[in-house]
Amino acid sequence: MPALMFATPAPLEEPMPVGDTDGRYLRQAIGLSNTARARGNRPFGAVVVDADGTLLAEAYCNTTETGDCTGHAETNAVRQLSPRVAREVLAQATLYSSAEPCVMCAGAIFWSGIGRVVFGIDAQRLRVFRGERPEQRDAELSCRDVFAASPHEIECIGPTMIEEASLPHIGFWKA
């Protein structure tokens, strides 16, 4: 069996500043991550808002409640949008996520046509909370890598508001 190879971790990204509007909706997504945790799920939340600030969808991770491994906050929000919201609207919409979207969620964002993502805690910092237990690990690929492969632009802002976005994770993950 070949030895496992681990790359040297990249330096942590510096937090990106956000304006009042982005901050308000990101706080809403963080609030949903607290809801998820209170219901026994992993602490993740997401909100989708159109260009005019109209709330299109809000969701939290419900994988524990449903037993559905794809029940991440972002995919749950995207499921609410399709097919009731036009792709032209989604191209101008923003998805706010309490944490950096995983590979699956980044794919769902791509397929939905959402044009902008703002996230709180990044995957590298989240991995510190999650520890090394195999069932808590993720595919170590940034959502930016998935978005960069998209034929249409997906603006990505984050990490931001890291301290607030980290709070729901404190004491949740088993080492």
# chains A, B, ... in the order shown; residues from 1 in each chain; ligands from 1

call {"tool": "residues_around", "arguments": {"residues": "segment 57-64 of chain A", "least_positions_apart": "4", "cutoff": "6 Å", "atoms": "only C-alpha atoms", "output": "mmCIF file with N, CA and C atoms, in the first residue's frame"}}
result
data_model
loop_
_atom_site.group_PDB
_atom_site.id
_atom_site.type_symbol
_atom_site.label_atom_id
_atom_site.label_comp_id
_atom_site.auth_asym_id
_atom_site.auth_seq_id
_atom_site.Cartn_x
_atom_site.Cartn_y
_atom_site.Cartn_z
ATOM 1 N N LEU A 32 -28.374 30.818 11.010
ATOM 2 C CA LEU A 32 -28.906 29.520 10.597
ATOM 3 C C LEU A 32 -27.965 28.383 10.971
ATOM 4 N N ALA A 36 -28.988 25.036 12.990
ATOM 5 C CA ALA A 36 -28.592 23.667 12.638
ATOM 6 C C ALA A 36 -27.998 22.963 13.850
ATOM 7 N N ASN A 41 -27.596 19.048 14.124
ATOM 8 C CA ASN A 41 -26.900 18.941 12.840
ATOM 9 C C ASN A 41 -25.547 19.643 12.899
ATOM 10 N N PHE A 44 -23.923 24.693 9.965
ATOM 11 C CA PHE A 44 -23.739 25.441 8.728
ATOM 12 C C PHE A 44 -25.069 26.043 8.301
ATOM 13 N N GLY A 45 -25.012 27.270 7.762
ATOM 14 C CA GLY A 45 -26.203 27.949 7.274
ATOM 15 C C GLY A 45 -25.908 28.683 5.982
ATOM 16 N N ALA A 46 -26.965 28.916 5.188
ATOM 17 C CA ALA A 46 -26.817 29.622 3.913
ATOM 18 C C ALA A 46 -28.061 30.442 3.614
ATOM 19 N N VAL A 47 -27.838 31.559 2.938
ATOM 20 C CA VAL A 47 -28.908 32.466 2.523
ATOM 21 C C VAL A 47 -28.618 32.874 1.085
ATOM 22 N N VAL A 48 -29.660 32.959 0.244
ATOM 23 C CA VAL A 48 -29.502 33.446 -1.125
ATOM 24 C C VAL A 48 -30.388 34.666 -1.293
ATOM 25 N N ASP A 68 -29.541 12.387 5.151
ATOM 26 C CA ASP A 68 -29.132 12.656 3.778
ATOM 27 C C ASP A 68 -27.771 13.343 3.790
ATOM 28 N N CYS A 69 -26.755 12.656 3.318
ATOM 29 C CA CYS A 69 -25.393 13.203 3.347
ATOM 30 C C CYS A 69 -25.243 14.420 2.447
ATOM 31 N N GLY A 71 -27.401 16.910 2.478
ATOM 32 C CA GLY A 71 -28.216 17.957 3.078
ATOM 33 C C GLY A 71 -27.416 19.118 3.653
ATOM 34 N N HIS A 72 -26.407 19.561 2.937
ATOM 35 C CA HIS A 72 -25.628 20.716 3.376
ATOM 36 C C HIS A 72 -26.451 21.985 3.176
ATOM 37 N N ALA A 73 -26.132 23.024 3.919
ATOM 38 C CA ALA A 73 -26.902 24.269 3.871
ATOM 39 C C ALA A 73 -26.999 24.828 2.451
ATOM 40 N N ASN A 76 -29.158 22.637 0.180
ATOM 41 C CA ASN A 76 -30.559 22.787 0.571
ATOM 42 C C ASN A 76 -31.127 24.104 0.052
ATOM 43 N N ALA A 77 -30.335 25.162 0.099
ATOM 44 C CA ALA A 77 -30.789 26.461 -0.420
ATOM 45 C C ALA A 77 -30.966 26.392 -1.938
#

call {"tool": "closest_atom_pairs", "arguments": {"of": "segment 23-105 of chain A", "to": "segment 156-168 of chain A", "cutoff": "10 Å", "atoms": "only C-alpha atoms", "output": "Markdown table"}}
result
| residue | atom | partner | partner_atom | distance |
| --- | --- | --- | --- | --- |
| A:Gly23 | CA | A:Met161 | CA | 7.9 |
| A:Leu26 | CA | A:Met161 | CA | 8.4 |
| A:Arg27 | CA | A:Glu164 | CA | 8.0 |
| A:Ala29 | CA | A:Ala165 | CA | 9.0 |
| A:Ile30 | CA | A:Ala165 | CA | 5.9 |
| A:Gly31 | CA | A:Pro168 | CA | 8.8 |
| A:Leu32 | CA | A:Pro168 | CA | 9.8 |
| A:Ser33 | CA | A:Pro168 | CA | 6.7 |
| A:Asn34 | CA | A:Pro168 | CA | 5.8 |
| A:Thr35 | CA | A:Pro168 | CA | 9.4 |
| A:Ala36 | CA | A:Pro168 | CA | 9.3 |
| A:Arg37 | CA | A:Pro168 | CA | 7.3 |
| A:Ala38 | CA | A:Pro168 | CA | 9.6 |
| A:Arg42 | CA | A:Pro168 | CA | 9.2 |
| A:Pro43 | CA | A:Pro168 | CA | 6.0 |
| A:Phe44 | CA | A:Pro168 | CA | 8.3 |
| A:Gly45 | CA | A:Ala165 | CA | 10.0 |
| A:Thr94 | CA | A:Cys156 | CA | 9.5 |
| A:Leu95 | CA | A:Cys156 | CA | 9.7 |
| A:Tyr96 | CA | A:Ile157 | CA | 9.5 |
| A:Ser97 | CA | A:Ala165 | CA | 9.3 |
| A:Ser98 | CA | A:Ala165 | CA | 5.8 |
| A:Ala99 | CA | A:Ala165 | CA | 7.0 |
| A:Glu100 | CA | A:Pro159 | CA | 7.3 |

call {"tool": "closest_residue", "arguments": {"among": "A:Arg87, A:Gly40, A:Ala93, A:Met104", "to": "Thr54 of chain A", "atoms": "only C-alpha atoms"}}
result
A:Ala93

call {"tool": "closest_residue", "arguments": {"among": "A:Gly113, A:Gly107, A:Pro151, A:Pro101", "to": "Leu126 of chain A", "atoms": "only C-alpha atoms"}}
result
A:Pro101

call {"tool": "closest_residue", "arguments": {"among": "A:Gln28, A:Ser142, A:Ser82, A:Gln124", "to": "Leu55 of chain A", "atoms": "only C-alpha atoms"}}
result
A:Gln28

call {"tool": "atom_distance", "arguments": {"atom1": "atom CA of Glu135 of chain A", "atom2": "atom CA of Gly120 of chain A"}}
result
22.5 Å

call {"tool": "decode", "arguments": {"residues": "segment 19-30 of chain A", "atoms": "all heavy atoms", "output": "tab-separated table (two decimals), in the first residue's frame"}}
result
chain	number	residue	atom	x	y	z
A	19	GLY	N	-19.03	44.96	3.30
A	19	GLY	CA	-19.88	46.09	3.62
A	19	GLY	C	-21.05	45.68	4.49
A	19	GLY	O	-21.23	44.51	4.85
A	20	ASP	N	-21.89	46.66	4.80
A	20	ASP	CA	-23.03	46.43	5.70
A	20	ASP	C	-24.01	45.41	5.15
A	20	ASP	O	-24.50	44.55	5.89
A	20	ASP	CB	-23.77	47.75	5.97
A	20	ASP	CG	-22.94	48.72	6.80
A	20	ASP	OD1	-21.97	48.28	7.45
A	20	ASP	OD2	-23.27	49.92	6.80
A	21	THR	N	-24.32	45.48	3.87
A	21	THR	CA	-25.30	44.55	3.28
A	21	THR	C	-24.79	43.13	3.34
A	21	THR	O	-25.49	42.22	3.80
A	21	THR	CB	-25.63	44.96	1.83
A	21	THR	OG1	-26.17	46.28	1.85
A	21	THR	CG2	-26.63	44.00	1.21
A	22	ASP	N	-23.56	42.92	2.88
A	22	ASP	CA	-22.98	41.58	2.94
A	22	ASP	C	-22.89	41.09	4.37
A	22	ASP	O	-23.18	39.93	4.66
A	22	ASP	CB	-21.60	41.54	2.28
A	22	ASP	CG	-21.65	41.58	0.76
A	22	ASP	OD1	-22.71	41.27	0.18
A	22	ASP	OD2	-20.62	41.93	0.16
A	23	GLY	N	-22.51	41.96	5.28
A	23	GLY	CA	-22.41	41.59	6.69
A	23	GLY	C	-23.75	41.16	7.27
A	23	GLY	O	-23.83	40.18	8.02
A	24	ARG	N	-24.81	41.87	6.90
A	24	ARG	CA	-26.14	41.54	7.42
A	24	ARG	C	-26.59	40.15	6.97
A	24	ARG	O	-27.06	39.34	7.76
A	24	ARG	CB	-27.15	42.59	6.97
A	24	ARG	CG	-28.58	42.30	7.42
A	24	ARG	CD	-29.51	43.38	7.00
A	24	ARG	NE	-29.17	43.80	5.65
A	24	ARG	CZ	-30.00	44.38	4.82
A	24	ARG	NH1	-31.21	44.64	5.17
A	24	ARG	NH2	-29.63	44.71	3.61
A	25	TYR	N	-26.42	39.86	5.68
A	25	TYR	CA	-26.86	38.56	5.17
A	25	TYR	C	-25.95	37.42	5.63
A	25	TYR	O	-26.42	36.32	5.88
A	25	TYR	CB	-26.99	38.58	3.65
A	25	TYR	CG	-28.14	39.44	3.19
A	25	TYR	CD1	-27.91	40.53	2.37
A	25	TYR	CD2	-29.44	39.18	3.58
A	25	TYR	CE1	-28.95	41.34	1.94
A	25	TYR	CE2	-30.50	39.98	3.16
A	25	TYR	CZ	-30.25	41.06	2.35
A	25	TYR	OH	-31.28	41.85	1.94
A	26	LEU	N	-24.67	37.71	5.77
A	26	LEU	CA	-23.77	36.68	6.29
A	26	LEU	C	-24.12	36.36	7.74
A	26	LEU	O	-24.11	35.20	8.14
A	26	LEU	CB	-22.31	37.09	6.14
A	26	LEU	CG	-21.28	36.03	6.53
A	26	LEU	CD1	-21.52	34.71	5.81
A	26	LEU	CD2	-19.87	36.54	6.27
A	27	ARG	N	-24.46	37.38	8.52
A	27	ARG	CA	-24.90	37.13	9.90
A	27	ARG	C	-26.17	36.28	9.93
A	27	ARG	O	-26.36	35.45	10.82
A	27	ARG	CB	-25.11	38.44	10.65
A	27	ARG	CG	-23.83	39.07	11.10
A	27	ARG	CD	-24.03	40.30	11.97
A	27	ARG	NE	-22.74	40.84	12.31
A	27	ARG	CZ	-22.10	41.78	11.60
A	27	ARG	NH1	-22.67	42.30	10.53
A	27	ARG	NH2	-20.91	42.19	11.96
A	28	GLN	N	-27.04	36.48	8.96
A	28	GLN	CA	-28.25	35.65	8.87
A	28	GLN	C	-27.86	34.19	8.61
A	28	GLN	O	-28.43	33.27	9.22
A	28	GLN	CB	-29.15	36.19	7.76
A	28	GLN	CG	-30.52	35.56	7.72
A	28	GLN	CD	-31.44	36.26	6.72
A	28	GLN	OE1	-31.18	37.37	6.28
A	28	GLN	NE2	-32.51	35.59	6.37
A	29	ALA	N	-26.90	33.97	7.73
A	29	ALA	CA	-26.43	32.60	7.46
A	29	ALA	C	-25.78	32.00	8.70
A	29	ALA	O	-25.99	30.82	9.02
A	29	ALA	CB	-25.44	32.60	6.28
A	30	ILE	N	-25.00	32.80	9.43
A	30	ILE	CA	-24.39	32.33	10.67
A	30	ILE	C	-25.46	31.98	11.69
A	30	ILE	O	-25.36	30.97	12.40
A	30	ILE	CB	-23.38	33.36	11.21
A	30	ILE	CG1	-22.19	33.50	10.25
A	30	ILE	CG2	-22.91	32.99	12.61
A	30	ILE	CD1	-21.30	34.70	10.50
